[in-house]
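Source file: structure_35.cif. Holds: mmCIF, C-alpha atoms and all ligand atoms.
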```cif
data_input
#
loop_
_atom_site.label_atom_id
_atom_site.label_comp_id
_atom_site.auth_asym_id
_atom_site.auth_seq_id
_atom_site.Cartn_x
_atom_site.Cartn_y
_atom_site.Cartn_z
CA MET O 309 0.00 0.00 0.00
CA LYS O 310 1.34 3.45 -0.96
CA THR O 311 0.38 6.65 0.83
CA VAL O 312 -0.72 9.66 -1.21
CA ALA O 313 -0.94 13.38 -0.37
CA VAL O 314 -3.16 15.44 -2.67
CA PHE O 315 -2.49 19.19 -2.83
CA GLY O 316 -5.40 20.98 -4.51
CA SER O 317 -7.84 18.10 -3.97
CA THR O 318 -10.93 20.20 -4.80
CA GLY O 319 -9.74 21.15 -8.30
CA SER O 320 -10.17 19.32 -11.58
CA ILE O 321 -6.93 17.31 -11.22
CA GLY O 322 -7.42 16.80 -7.48
CA VAL O 323 -10.93 15.38 -7.92
CA GLN O 324 -9.70 13.07 -10.69
CA THR O 325 -6.76 11.95 -8.52
CA LEU O 326 -9.23 10.90 -5.84
CA ASN O 327 -11.21 8.99 -8.49
CA VAL O 328 -8.05 7.03 -9.31
CA VAL O 329 -7.39 6.36 -5.61
CA ARG O 330 -10.99 5.11 -5.18
CA ARG O 331 -10.43 2.56 -7.94
CA PHE O 332 -7.45 1.06 -6.09
CA PRO O 333 -8.43 1.01 -2.40
CA HIS O 334 -5.90 -1.73 -1.62
CA GLU O 335 -3.02 0.04 -3.35
CA TYR O 336 -3.35 3.68 -2.24
CA LYS O 337 -4.29 5.47 0.95
CA VAL O 338 -4.82 9.23 1.19
CA VAL O 339 -2.90 10.74 4.13
CA THR O 340 -3.10 14.46 3.34
CA LEU O 341 -5.62 16.65 1.53
CA THR O 342 -5.38 20.37 0.86
CA ALA O 343 -7.77 22.81 -0.80
CA GLY O 344 -8.26 26.54 -1.32
CA SER O 345 -11.69 27.89 -0.49
CA ASN O 346 -14.15 25.26 -1.74
CA VAL O 347 -14.89 24.11 1.80
CA GLY O 348 -18.16 22.33 0.90
CA LEU O 349 -16.41 19.79 -1.34
CA PHE O 350 -13.33 19.71 0.88
CA SER O 351 -15.32 18.73 3.99
CA LYS O 352 -16.89 15.84 2.04
CA GLN O 353 -13.46 14.66 0.89
CA VAL O 354 -12.09 14.85 4.43
CA ALA O 355 -15.07 12.85 5.74
CA GLU O 356 -14.58 10.19 3.04
CA PHE O 357 -10.80 9.76 3.20
CA SER O 358 -10.07 10.62 6.88
CA PRO O 359 -6.62 12.08 6.13
CA SER O 360 -4.13 12.58 8.99
CA VAL O 361 -3.45 16.13 7.73
CA ALA O 362 -5.83 18.63 6.08
CA ALA O 363 -5.30 22.23 5.02
CA CYS O 364 -7.39 24.93 3.38
CA LEU O 365 -7.65 28.72 3.28
CA PRO O 366 -10.63 29.39 5.64
CA GLU O 367 -10.76 27.78 9.08
CA ILE O 368 -13.12 24.77 9.17
CA GLU O 369 -14.05 22.03 11.62
CA LEU O 370 -12.13 18.80 11.15
CA PRO O 371 -12.79 15.33 12.54
CA ASP O 372 -10.77 14.05 15.54
CA GLY O 373 -7.47 12.59 14.39
CA THR O 374 -6.99 15.06 11.53
CA ILE O 375 -4.39 17.79 12.05
CA GLY O 376 -5.52 21.03 10.39
CA PHE O 377 -3.76 24.07 8.97
CA PHE O 378 -5.56 27.15 7.71
CA GLY O 379 -4.62 30.32 5.84
CA ASP O 380 -2.17 31.28 3.13
CA ASN O 381 0.72 29.01 4.22
CA ALA O 382 -1.48 26.08 5.19
CA ALA O 383 -0.57 23.83 2.23
CA SER O 384 3.17 24.34 2.89
CA LYS O 385 2.72 23.54 6.57
CA ALA O 386 0.75 20.42 5.65
CA ALA O 387 3.55 19.36 3.27
CA GLU O 388 6.14 19.88 6.02
CA ILE O 389 4.56 17.30 8.33
CA THR O 390 3.28 14.86 5.69
CA GLU O 391 4.93 11.46 5.38
CA ALA O 392 3.70 10.11 2.05
CA ASP O 393 5.10 7.97 -0.75
CA ILE O 394 3.54 10.18 -3.44
CA TYR O 395 2.83 13.93 -3.32
CA VAL O 396 0.37 14.99 -6.03
CA MET O 397 0.81 18.73 -6.70
CA ALA O 398 -2.44 19.97 -8.24
CA ILE O 399 -2.67 23.49 -6.80
CA SER O 400 -2.97 25.97 -9.66
CA GLY O 401 -0.70 28.92 -10.36
CA LEU O 402 2.43 30.25 -8.65
CA ALA O 403 0.71 29.52 -5.30
CA ALA O 404 1.92 25.92 -5.78
CA LEU O 405 5.60 26.86 -5.57
CA ALA O 406 6.02 27.06 -1.78
CA PRO O 407 4.15 23.80 -1.00
CA LEU O 408 5.92 22.11 -3.94
CA GLN O 409 9.30 23.07 -2.45
CA GLU O 410 8.24 21.45 0.84
CA CYS O 411 7.00 18.30 -0.94
CA ILE O 412 10.32 18.00 -2.77
CA LYS O 413 12.20 18.14 0.55
CA ARG O 414 10.51 14.89 1.61
CA GLY O 415 12.70 13.02 -0.93
CA LYS O 416 9.91 10.81 -2.34
CA ARG O 417 7.83 11.01 -5.54
CA VAL O 418 6.10 14.18 -6.70
CA ALA O 419 3.37 13.65 -9.30
CA LEU O 420 3.48 17.15 -10.78
CA ALA O 421 0.34 18.53 -12.43
CA ASN O 422 1.04 22.21 -11.72
CA LYS O 423 3.04 23.80 -14.52
CA GLU O 424 3.42 27.43 -13.39
CA ALA O 425 5.92 26.58 -10.61
CA ILE O 426 8.27 24.67 -12.89
CA VAL O 427 7.97 27.34 -15.59
CA CYS O 428 8.76 30.18 -13.16
CA ALA O 429 11.29 28.41 -10.97
CA GLY O 430 12.58 25.49 -13.05
CA GLU O 431 16.17 25.68 -11.78
CA ILE O 432 15.16 25.97 -8.12
CA VAL O 433 12.67 23.11 -8.33
CA LEU O 434 14.91 20.73 -10.28
CA ASP O 435 18.07 21.48 -8.26
CA SER O 436 16.15 20.81 -5.10
CA ALA O 437 14.68 17.55 -6.50
CA ALA O 438 18.23 16.39 -7.35
CA LYS O 439 19.50 17.40 -3.90
CA TYR O 440 16.77 15.50 -2.02
CA GLY O 441 16.60 12.53 -4.42
CA THR O 442 12.97 13.31 -5.30
CA GLU O 443 11.48 11.72 -8.38
CA ILE O 444 9.27 14.10 -10.39
CA ILE O 445 6.73 12.32 -12.58
CA PRO O 446 4.80 14.68 -14.87
CA VAL O 447 1.00 14.56 -14.84
CA ASP O 448 0.39 17.14 -17.58
CA SER O 449 -0.75 14.81 -20.40
CA GLU O 450 1.82 16.03 -22.96
CA HIS O 451 4.70 15.70 -20.51
CA SER O 452 3.51 12.33 -19.28
CA ALA O 453 3.57 11.23 -22.93
CA VAL O 454 7.07 12.65 -23.51
CA PHE O 455 8.28 10.96 -20.31
CA GLN O 456 7.00 7.65 -21.72
CA CYS O 457 8.34 8.27 -25.27
CA LEU O 458 11.83 8.99 -23.92
CA LYS O 459 11.98 5.41 -22.67
CA ALA O 460 12.25 4.30 -26.33
CA GLY O 461 15.81 5.60 -26.88
CA GLU O 462 18.96 7.19 -25.52
CA ARG O 463 18.81 10.84 -24.46
CA GLY O 464 21.70 11.73 -26.77
CA ASP O 465 19.68 10.45 -29.73
CA VAL O 466 16.67 12.72 -29.12
CA ARG O 467 16.33 15.31 -31.87
CA ARG O 468 13.27 17.14 -30.60
CA ILE O 469 10.12 16.95 -28.56
CA VAL O 470 6.88 17.60 -30.45
CA LEU O 471 3.96 18.56 -28.22
CA THR O 472 0.43 18.23 -29.56
CA ALA O 473 -2.12 21.02 -29.13
CA SER O 474 -5.87 20.67 -29.64
CA GLY O 475 -5.94 24.39 -30.46
CA GLY O 476 -8.69 25.09 -27.94
CA PRO O 477 -12.19 26.27 -28.81
CA PHE O 478 -11.33 29.03 -31.35
CA TYR O 479 -8.48 27.69 -33.45
CA SER O 480 -10.32 26.05 -36.32
CA ASP O 481 -12.82 28.85 -36.99
CA LYS O 482 -10.86 31.76 -38.45
CA ASN O 483 -14.02 33.92 -38.43
CA VAL O 484 -14.20 34.07 -34.64
CA ASP O 485 -13.49 37.64 -33.51
CA LEU O 486 -11.04 36.86 -30.72
CA SER O 487 -11.30 40.31 -29.17
CA ALA O 488 -15.01 39.66 -28.49
CA VAL O 489 -14.58 36.25 -26.78
CA THR O 490 -16.22 36.16 -23.32
CA PRO O 491 -14.96 34.27 -20.23
CA GLU O 492 -17.92 31.87 -20.54
CA GLN O 493 -16.90 30.98 -24.13
CA ALA O 494 -13.21 30.73 -23.28
CA VAL O 495 -13.62 28.18 -20.47
CA ARG O 496 -15.50 25.73 -22.72
CA HIS O 497 -12.76 23.44 -24.03
CA PRO O 498 -13.58 21.01 -26.89
CA THR O 499 -11.71 17.92 -25.63
CA TRP O 500 -10.74 18.44 -21.97
CA ASN O 501 -12.72 19.44 -18.88
CA MET O 502 -10.33 21.50 -16.76
CA GLY O 503 -10.07 24.31 -14.19
CA ALA O 504 -10.94 27.84 -15.35
CA LYS O 505 -7.39 29.24 -15.58
CA ILE O 506 -5.96 26.41 -17.68
CA SER O 507 -9.08 26.45 -19.89
CA VAL O 508 -8.53 30.14 -20.70
CA ASP O 509 -4.82 29.36 -21.22
CA SER O 510 -5.78 26.65 -23.72
CA ALA O 511 -8.02 29.06 -25.61
CA THR O 512 -5.25 31.70 -25.90
CA MET O 513 -2.61 28.98 -26.57
CA VAL O 514 -0.67 30.38 -23.59
CA ASN O 515 -1.07 26.86 -22.20
CA LYS O 516 0.99 25.48 -25.08
CA GLY O 517 3.54 28.20 -24.41
CA LEU O 518 3.74 27.20 -20.73
CA GLU O 519 4.03 23.57 -21.83
CA ILE O 520 6.90 24.34 -24.21
CA ILE O 521 8.82 25.89 -21.31
CA GLU O 522 7.71 23.09 -18.96
CA ALA O 523 9.03 20.46 -21.39
CA GLY O 524 12.26 22.40 -21.87
CA ARG O 525 12.77 22.44 -18.10
CA LEU O 526 11.66 18.89 -17.26
CA PHE O 527 13.60 17.26 -20.08
CA SER O 528 16.57 19.71 -20.24
CA THR O 529 16.29 20.70 -23.90
CA ASN O 530 15.58 23.77 -26.02
CA PHE O 531 14.28 21.64 -28.90
CA VAL O 532 10.56 21.72 -28.24
CA ASP O 533 8.06 22.18 -31.08
CA TYR O 534 4.31 21.73 -31.29
CA VAL O 535 1.72 20.71 -33.84
CA ILE O 536 -2.04 21.23 -33.94
CA HIS O 537 -3.86 17.93 -33.41
CA PRO O 538 -7.55 18.66 -32.74
CA GLU O 539 -8.54 15.14 -31.64
CA SER O 540 -6.14 15.11 -28.64
CA VAL O 541 -5.49 11.40 -29.17
CA ILE O 542 -1.73 11.62 -29.63
CA HIS O 543 -0.60 13.24 -26.40
CA SER O 544 2.89 14.18 -27.61
CA MET O 545 5.89 12.75 -29.44
CA VAL O 546 9.65 12.44 -29.40
CA GLU O 547 11.61 12.48 -32.64
CA PHE O 548 14.91 10.59 -32.59
CA ALA O 549 18.11 10.96 -34.66
CA ASP O 550 17.07 8.21 -37.12
CA ASN O 551 13.83 10.12 -37.95
CA SER O 552 11.68 7.70 -35.99
CA THR O 553 8.94 9.41 -34.03
CA VAL O 554 7.58 7.74 -30.92
CA ALA O 555 4.11 8.78 -29.72
CA VAL O 556 1.73 7.97 -26.88
CA MET O 557 -1.95 7.75 -27.76
CA SER O 558 -5.26 7.15 -26.04
CA TYR O 559 -8.64 8.83 -25.90
CA PRO O 560 -8.17 12.08 -23.97
CA ASN O 561 -8.50 11.24 -20.29
CA MET O 562 -6.54 12.96 -17.52
CA GLU O 563 -7.15 10.10 -15.09
CA LEU O 564 -4.90 7.97 -17.27
CA ALA O 565 -1.96 10.38 -16.91
CA ILE O 566 -2.65 10.76 -13.17
CA GLN O 567 -2.84 6.99 -12.72
CA TYR O 568 0.43 6.49 -14.59
CA ALA O 569 2.18 9.00 -12.31
CA LEU O 570 0.94 6.99 -9.31
CA THR O 571 1.65 3.49 -10.65
CA TYR O 572 4.89 4.16 -12.60
CA PRO O 573 6.87 2.06 -13.51
CA TYR O 574 3.88 -0.31 -13.52
CA ARG O 575 0.62 0.00 -15.42
CA PHE O 576 -2.61 -0.97 -13.72
CA VAL O 577 -5.90 -1.88 -15.40
CA ASN O 578 -7.92 1.24 -16.20
CA ASP O 579 -11.65 0.79 -16.73
CA GLY O 580 -12.11 4.55 -16.94
CA VAL O 581 -10.80 4.82 -20.52
CA LYS O 582 -11.67 2.60 -23.49
CA PRO O 583 -8.89 1.12 -25.63
CA PHE O 584 -8.41 3.22 -28.74
CA ASP O 585 -10.40 1.63 -31.57
CA PHE O 586 -8.93 3.58 -34.51
CA SER O 587 -12.36 4.83 -35.56
CA VAL O 588 -11.26 8.45 -35.12
CA PRO O 589 -9.25 9.89 -38.02
CA LEU O 590 -6.14 11.62 -36.69
CA THR O 591 -5.31 14.99 -38.22
CA PHE O 592 -2.46 17.45 -37.84
CA GLY O 593 -2.20 21.14 -38.70
CA LYS O 594 0.41 23.84 -38.81
CA PRO O 595 0.29 26.36 -35.95
CA ASP O 596 -1.17 29.80 -36.77
CA GLU O 597 1.21 32.02 -34.83
CA LYS O 598 -0.30 35.22 -36.20
CA ARG O 599 -3.64 34.67 -34.48
CA PHE O 600 -2.09 32.83 -31.54
CA PRO O 601 1.37 34.29 -30.86
CA ALA O 602 1.78 32.96 -27.28
CA PRO O 603 3.73 29.74 -28.05
CA ALA O 604 6.28 31.73 -30.09
CA LEU O 605 6.69 34.19 -27.19
CA ALA O 606 7.16 31.25 -24.83
CA ARG O 607 9.79 29.65 -27.03
CA ARG O 608 11.75 32.92 -26.90
CA CYS O 609 11.46 32.88 -23.10
CA LEU O 610 12.72 29.28 -22.94
CA LEU O 611 15.80 30.24 -24.98
CA GLU O 612 16.37 33.42 -22.96
CA GLY O 613 16.00 31.64 -19.58
CA GLY O 614 16.36 33.51 -16.26
CA THR O 615 13.23 35.39 -15.23
CA ALA O 616 11.76 35.52 -18.79
CA PRO O 617 9.62 32.35 -18.34
CA ALA O 618 8.44 33.68 -14.96
CA VAL O 619 7.39 37.00 -16.51
CA PHE O 620 5.48 35.05 -19.19
CA SER O 621 3.69 32.86 -16.63
CA ILE O 622 2.99 35.45 -13.91
CA ALA O 623 1.82 38.14 -16.38
CA ASP O 624 -0.56 35.53 -17.80
CA GLU O 625 -1.88 34.59 -14.35
CA ILE O 626 -2.62 38.25 -13.59
CA ALA O 627 -4.13 38.88 -17.04
CA VAL O 628 -6.36 35.77 -16.93
CA ASP O 629 -7.71 36.88 -13.57
CA MET O 630 -8.52 40.32 -15.05
CA PHE O 631 -10.13 38.70 -18.10
CA MET O 632 -12.34 36.50 -15.89
CA LYS O 633 -13.40 39.67 -14.04
CA LYS O 634 -14.15 41.28 -17.44
CA LYS O 635 -11.59 44.06 -16.95
CA ILE O 636 -9.74 43.22 -20.19
CA THR O 637 -10.51 41.46 -23.48
CA PHE O 638 -9.42 37.99 -24.54
CA THR O 639 -6.73 39.28 -26.94
CA ASP O 640 -5.42 41.66 -24.24
CA ILE O 641 -4.09 38.60 -22.37
CA THR O 642 -1.33 37.83 -24.88
CA GLY O 643 -0.78 41.57 -25.48
CA ILE O 644 -0.15 42.08 -21.76
CA ILE O 645 2.32 39.18 -21.63
CA ASP O 646 4.19 40.59 -24.63
CA ARG O 647 4.34 44.04 -23.08
CA ALA O 648 5.48 42.68 -19.70
CA LEU O 649 8.29 40.81 -21.47
CA CYS O 650 9.36 43.98 -23.28
CA ILE O 651 9.64 46.17 -20.20
CA ASN O 652 11.18 43.71 -17.72
CA GLU O 653 14.86 43.03 -18.04
CA THR O 654 15.75 39.33 -17.69
CA LYS O 655 17.69 38.45 -14.55
CA ARG O 656 18.98 35.20 -13.07
CA VAL O 657 16.45 33.40 -10.86
CA GLU O 658 18.04 33.19 -7.42
CA SER O 659 15.13 32.49 -5.05
CA ALA O 660 11.40 31.98 -4.73
CA GLU O 661 11.17 35.35 -2.89
CA GLN O 662 12.52 37.07 -6.00
CA LEU O 663 9.58 35.59 -7.95
CA TYR O 664 7.03 36.79 -5.38
CA GLU O 665 8.56 40.28 -5.67
CA LEU O 666 8.36 39.99 -9.45
CA ARG O 667 4.66 39.14 -9.09
CA ASP O 668 4.10 42.33 -7.05
CA VAL O 669 5.95 44.41 -9.67
CA LEU O 670 3.98 42.84 -12.53
CA GLU O 671 0.68 43.38 -10.71
CA LYS O 672 1.46 47.11 -10.45
CA GLN O 673 2.70 47.39 -14.05
CA ILE O 674 -0.26 45.53 -15.52
CA GLY O 675 -2.71 47.44 -13.34
CA ALA O 676 -1.20 50.64 -14.75
CA PHE O 677 -1.42 49.46 -18.41
CA VAL O 678 -5.05 48.53 -17.94
CA SER O 679 -6.11 51.75 -16.21
CA ARG O 680 -4.40 53.78 -18.98
CA LYS O 681 -6.32 51.99 -21.75
P1 LIG O 701 -8.43 24.02 -10.59
O1 LIG O 701 -8.59 25.49 -10.65
O2 LIG O 701 -9.56 23.15 -10.98
O3 LIG O 701 -7.96 23.59 -9.12
C1 LIG O 701 -6.95 24.24 -8.41
C2 LIG O 701 -6.79 23.66 -7.02
O4 LIG O 701 -5.85 24.45 -6.29
C3 LIG O 701 -8.09 23.71 -6.21
O5 LIG O 701 -8.09 22.64 -5.28
C4 LIG O 701 -7.97 25.05 -5.48
O6 LIG O 701 -8.74 25.10 -4.30
C5 LIG O 701 -6.49 25.02 -5.13
N1 LIG O 701 -5.93 26.35 -4.94
C6 LIG O 701 -6.01 27.41 -5.78
N2 LIG O 701 -5.37 28.48 -5.28
C7 LIG O 701 -4.86 28.08 -4.08
C8 LIG O 701 -4.11 28.74 -3.06
N3 LIG O 701 -3.73 30.02 -3.16
N4 LIG O 701 -3.75 28.02 -1.97
C9 LIG O 701 -4.12 26.74 -1.84
N5 LIG O 701 -4.86 26.06 -2.75
C10 LIG O 701 -5.22 26.73 -3.87
O7 LIG O 701 -7.13 23.68 -11.46
P2 LIG O 701 -6.80 22.35 -12.27
O8 LIG O 701 -7.05 21.16 -11.43
O9 LIG O 701 -7.39 22.43 -13.61
O10 LIG O 701 -5.23 22.55 -12.49
C11 LIG O 701 -4.30 22.40 -11.42
C12 LIG O 701 -2.89 22.52 -11.99
O11 LIG O 701 -2.67 21.44 -12.89
C13 LIG O 701 -2.67 23.80 -12.82
O12 LIG O 701 -1.36 24.26 -12.63
C14 LIG O 701 -2.89 23.34 -14.25
O13 LIG O 701 -2.15 24.10 -15.18
C15 LIG O 701 -2.36 21.91 -14.18
N6 LIG O 701 -2.96 21.01 -15.17
C16 LIG O 701 -4.31 20.79 -15.19
C17 LIG O 701 -4.88 19.95 -16.14
C18 LIG O 701 -6.35 19.67 -16.15
O14 LIG O 701 -6.79 18.83 -16.95
N7 LIG O 701 -7.15 20.29 -15.34
C19 LIG O 701 -4.06 19.30 -17.15
C20 LIG O 701 -2.66 19.54 -17.00
C21 LIG O 701 -2.13 20.37 -16.06
P3 LIG O 701 -10.30 25.58 -4.24
O15 LIG O 701 -10.93 25.18 -5.52
O16 LIG O 701 -10.79 24.82 -3.04
O17 LIG O 701 -10.29 27.06 -4.01
MG MG O 702 -1.33 19.67 -21.04
#
```

Rewrite the coordinates I just gave you, this time as structure tokens.
Ligand code: NDP
Ligand code: MG
Amino acid sequence: MKTVAVFGSTGSIGVQTLNVVRRFPHEYKVVTLTAGSNVGLFSKQVAEFSPSVAACLPEIELPDGTIGFFGDNAASKAAEITEADIYVMAISGLAALAPLQECIKRGKRVALANKEAIVCAGEIVLDSAAKYGTEIIPVDSEHSAVFQCLKAGERGDVRRIVLTASGGPFYSDKNVDLSAVTPEQAVRHPTWNMGAKISVDSATMVNKGLEIIEAGRLFSTNFVDYVIHPESVIHSMVEFADNSTVAVMSYPNMELAIQYALTYPYRFVNDGVKPFDFSVPLTFGKPDEKRFPAPALARRCLLEGGTAPAVFSIADEIAVDMFMKKKITFTDITGIIDRALCINETKRVESAEQLYELRDVLEKQIGAFVSRK
């Protein structure tokens, strides 16, 4: 039996992680759960799984035997005292960085769904994982696929990683006026059901940009491309020196990638996803970087390194929040990221605190752009 700690248990990935755990009651036991402010769902999860440690933002009543932490640092404090075999990091945004750093210090496995922390603080996170002997298994479906594809050859023989992108809800219809897209339209993804922020990121293609940087960091390469693949059946590919391309395919299903991160190096039966029956034609398209410039911006940030990826990610997080509150338009999101990259000089990333300061600076700058518009 392996023990599992789920950070961000009330979110899309967190809920699906608990579905996987429920399917294997003899293999996995939940020892820690953390949430943000969805206390209704969180209380039900705590009652069902009776974790030893629970944390969320507001103070709530917990059953006897569960140690509780509340407030902004609660997830980090929970990570500090958690003894688990697997730490699933499914908190969204830069808020995941501090608890992720604590999880890494435990020296076990981190099943990493969050992408913003590794994009902003790749060096810090990976150096620390190496120092503590922590194994990071990606949960993001593309990176899970790349992780699996890399097993087919030697690292020195990898020519490039090719991520697949569904394109989100607006890619295929060139007549959609992107500047008029509403938050309600943007969160409706054609092939995946995800949290609000990542759904908006998929619609702007910022998500693919974050994933390009994430892949560059996780797999230590600058050779990361992407292709439009609307069916989301091929989850990503690795091209080797002999021009062979290895791919991972299945019907789109996040529980499969989550399950793999828990069971790796083994594969358990999965009744939640049907075997692929080849009835779906698979198609590929060239990216349209004029309408969707974010992946190209991200590639530049990957090559530039330092704080450039953090500016990309944090400016997006601030802009998406403003878009959801209807303070800016859909196309403003990428415009704001571009502008933030232009006015902030790239520096070396030395510490997490530096990134929190960068967030404060970006909040002020972006607030000023928006009020001037
Ligand atoms: P959701 O928005 O659905 O869930 C986020 C989780 O984090 C919730 O449990 C939320 O709590 C919690 N949370 C948010 N802010 C804080 C905070 N400040 N402190 C503590 N907890 C917080 O996101 P997703 O599940 O969609 O995504 C999670 C991460 O995984 C993201 O980084 C995303 O990019 C990545 N990812 C997601 C995929 C998906 O299919 N959804 C696919 C690949 C990667 P509450 O709701 O209780 O407030
Ligand atoms: Mg993904």

Compile the contact shell of Lys681 in chain O as a PyMOL selection string: residues with an atom at most 12 Å away, counting only C-alpha atoms, same-chain residues fewer than 6 positions apart removed. chain O and resi 635-637+640+644+674-675

Go ahead and find all residues with at least one atom no further than 12 Å from (14.9, 32.2, -16.9) in the file's coordinates, using only C-alpha atoms; report them as a PyMOL selection string. chain O and resi 426-432+521-522+524-525+606-621+649+653-659+663

Env of range 450-454 of chain O: 10 Å cut, atoms = only C-alpha atoms, seq-sep filter 6 positions within chain, self excluded. Answer as a short mmCIF file (atom, residue, chain, number, x, y, z; two decimals) with C-alpha atoms, in the coordinates of the input.
```
data_model
loop_
_atom_site.label_atom_id
_atom_site.label_comp_id
_atom_site.auth_asym_id
_atom_site.auth_seq_id
_atom_site.Cartn_x
_atom_site.Cartn_y
_atom_site.Cartn_z
CA LEU O 420 3.48 17.15 -10.78
CA ALA O 421 0.34 18.53 -12.43
CA ILE O 469 10.12 16.95 -28.56
CA VAL O 470 6.88 17.60 -30.45
CA LEU O 471 3.96 18.56 -28.22
CA THR O 472 0.43 18.23 -29.56
CA ALA O 473 -2.12 21.02 -29.13
CA LYS O 516 0.99 25.48 -25.08
CA GLU O 519 4.03 23.57 -21.83
CA ILE O 520 6.90 24.34 -24.21
CA GLU O 522 7.71 23.09 -18.96
CA ALA O 523 9.03 20.46 -21.39
CA LEU O 526 11.66 18.89 -17.26
CA PHE O 527 13.60 17.26 -20.08
CA SER O 540 -6.14 15.11 -28.64
CA ILE O 542 -1.73 11.62 -29.63
CA HIS O 543 -0.60 13.24 -26.40
CA SER O 544 2.89 14.18 -27.61
CA MET O 545 5.89 12.75 -29.44
CA VAL O 546 9.65 12.44 -29.40
CA VAL O 554 7.58 7.74 -30.92
CA ALA O 555 4.11 8.78 -29.72
CA VAL O 556 1.73 7.97 -26.88
CA MET O 557 -1.95 7.75 -27.76
CA LEU O 564 -4.90 7.97 -17.27
CA ALA O 565 -1.96 10.38 -16.91
CA ILE O 566 -2.65 10.76 -13.17
CA TYR O 568 0.43 6.49 -14.59
CA ALA O 569 2.18 9.00 -12.31
#
```

Using only C-alpha atoms and all ligand atoms, find each residue with an atom at most 6 Å away from ligand LIG 701 (chain O) and format the answer as a ChimeraX atom specification. /O:316-322,343-346,398-401,403,421-424,448,502-504,506,562

For ligand MG 702 (chain O), the nearest of the candidates O:Gly376, O:Gly643, O:Gly464, O:Gly517, counting all atoms listed in the file: O:Gly517

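Atom to atom, CA of Glu367 in chain O and CA of Ala382 in chain O stand 10.2 Å apart.
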
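The two atoms in question, CA of Ser552 in chain O and CA of Leu605 in chain O, are spaced 28.4 Å apart.
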
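Closest approach to Pro595 in chain O among O:Ser480, O:Gln456, O:Ser436, O:Thr499: O:Ser480, based on all atoms listed in the file.
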
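Shortest atom-to-atom contact with ligand MG 702 (chain O) among O:Asp509, O:Asp372, O:Glu443, O:Glu391: O:Asp509, counting only C-alpha atoms and all ligand atoms.
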
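Reported to one decimal place, the separation of CA of Lys505 in chain O from CA of Asp629 in chain O is 7.9 Å.
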
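Using all atoms listed in the file, the set of residues no farther than 9 Å from the position (-5.8, 8.5, -3.5) comprises Thr311, Val312, Ala313, Val314, Thr325, Leu326, Asn327, Val328, Val329, Arg330, Arg331, Phe332, Pro333, Glu335, Tyr336, Lys337, Val338, Val339 and Phe357 of chain O.
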
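With distances restricted to all atoms listed in the file, O:Ser507 is the closest residue to ligand MG 702 (chain O) from O:Gln662, O:Asn530, O:Thr642, O:Ser507.
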
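Proximity ranking of O:Val484, O:Leu349, O:Ile445, O:Ala406 relative to Val418 in chain O places O:Ile445 first, based on all atoms listed in the file.
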
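Comparing the minimum interatomic distances between ligand MG 702 (chain O) and each of O:Gln324, O:Thr374, O:Ser510, O:Asn652, counting all atoms listed in the file, we find that O:Ser510 sits nearest.
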
Box time for range 660-673 of chain O: axis-aligned, enclosing all its listed atoms, 4 Å extra on each side; report centre and edge lengths in Å to one decimal, as AutoDock Vina command-line options.
```
--center_x 6.6 --center_y 39.7 --center_z -8.5 --size_x 19.8 --size_y 23.4 --size_z 19.2
```

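If you count all atoms listed in the file and ignore residues fewer than 6 places along the chain from Ala438 in chain O, what sits within 10 Å of it is Ile412, Gly415 and Ile444 of chain O.
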
Complete the atoms of range 554-560 of chain O to N, CA, C and O atoms and put them out as a CSV table (one decimal), in the frame of the given file.
```csv
chain,number,residue,atom,x,y,z
O,554,VAL,N,8.3,8.6,-31.9
O,554,VAL,CA,7.6,7.7,-30.9
O,554,VAL,C,6.5,8.6,-30.3
O,554,VAL,O,6.7,9.7,-29.9
O,555,ALA,N,5.3,8.0,-30.2
O,555,ALA,CA,4.1,8.8,-29.7
O,555,ALA,C,3.4,8.0,-28.7
O,555,ALA,O,3.5,6.7,-28.6
O,556,VAL,N,2.6,8.7,-27.8
O,556,VAL,CA,1.7,8.0,-26.9
O,556,VAL,C,0.3,8.4,-27.3
O,556,VAL,O,0.1,9.6,-27.5
O,557,MET,N,-0.6,7.4,-27.4
O,557,MET,CA,-2.0,7.8,-27.8
O,557,MET,C,-3.0,7.0,-26.9
O,557,MET,O,-2.8,5.9,-26.5
O,558,SER,N,-4.1,7.7,-26.7
O,558,SER,CA,-5.3,7.2,-26.0
O,558,SER,C,-6.4,8.2,-26.2
O,558,SER,O,-6.1,9.3,-26.6
O,559,TYR,N,-7.6,7.8,-25.9
O,559,TYR,CA,-8.6,8.8,-25.9
O,559,TYR,C,-8.2,9.8,-24.8
O,559,TYR,O,-7.6,9.4,-23.8
O,560,PRO,N,-8.6,11.1,-25.0
O,560,PRO,CA,-8.2,12.1,-24.0
O,560,PRO,C,-8.8,11.8,-22.6
O,560,PRO,O,-10.0,11.6,-22.5
```
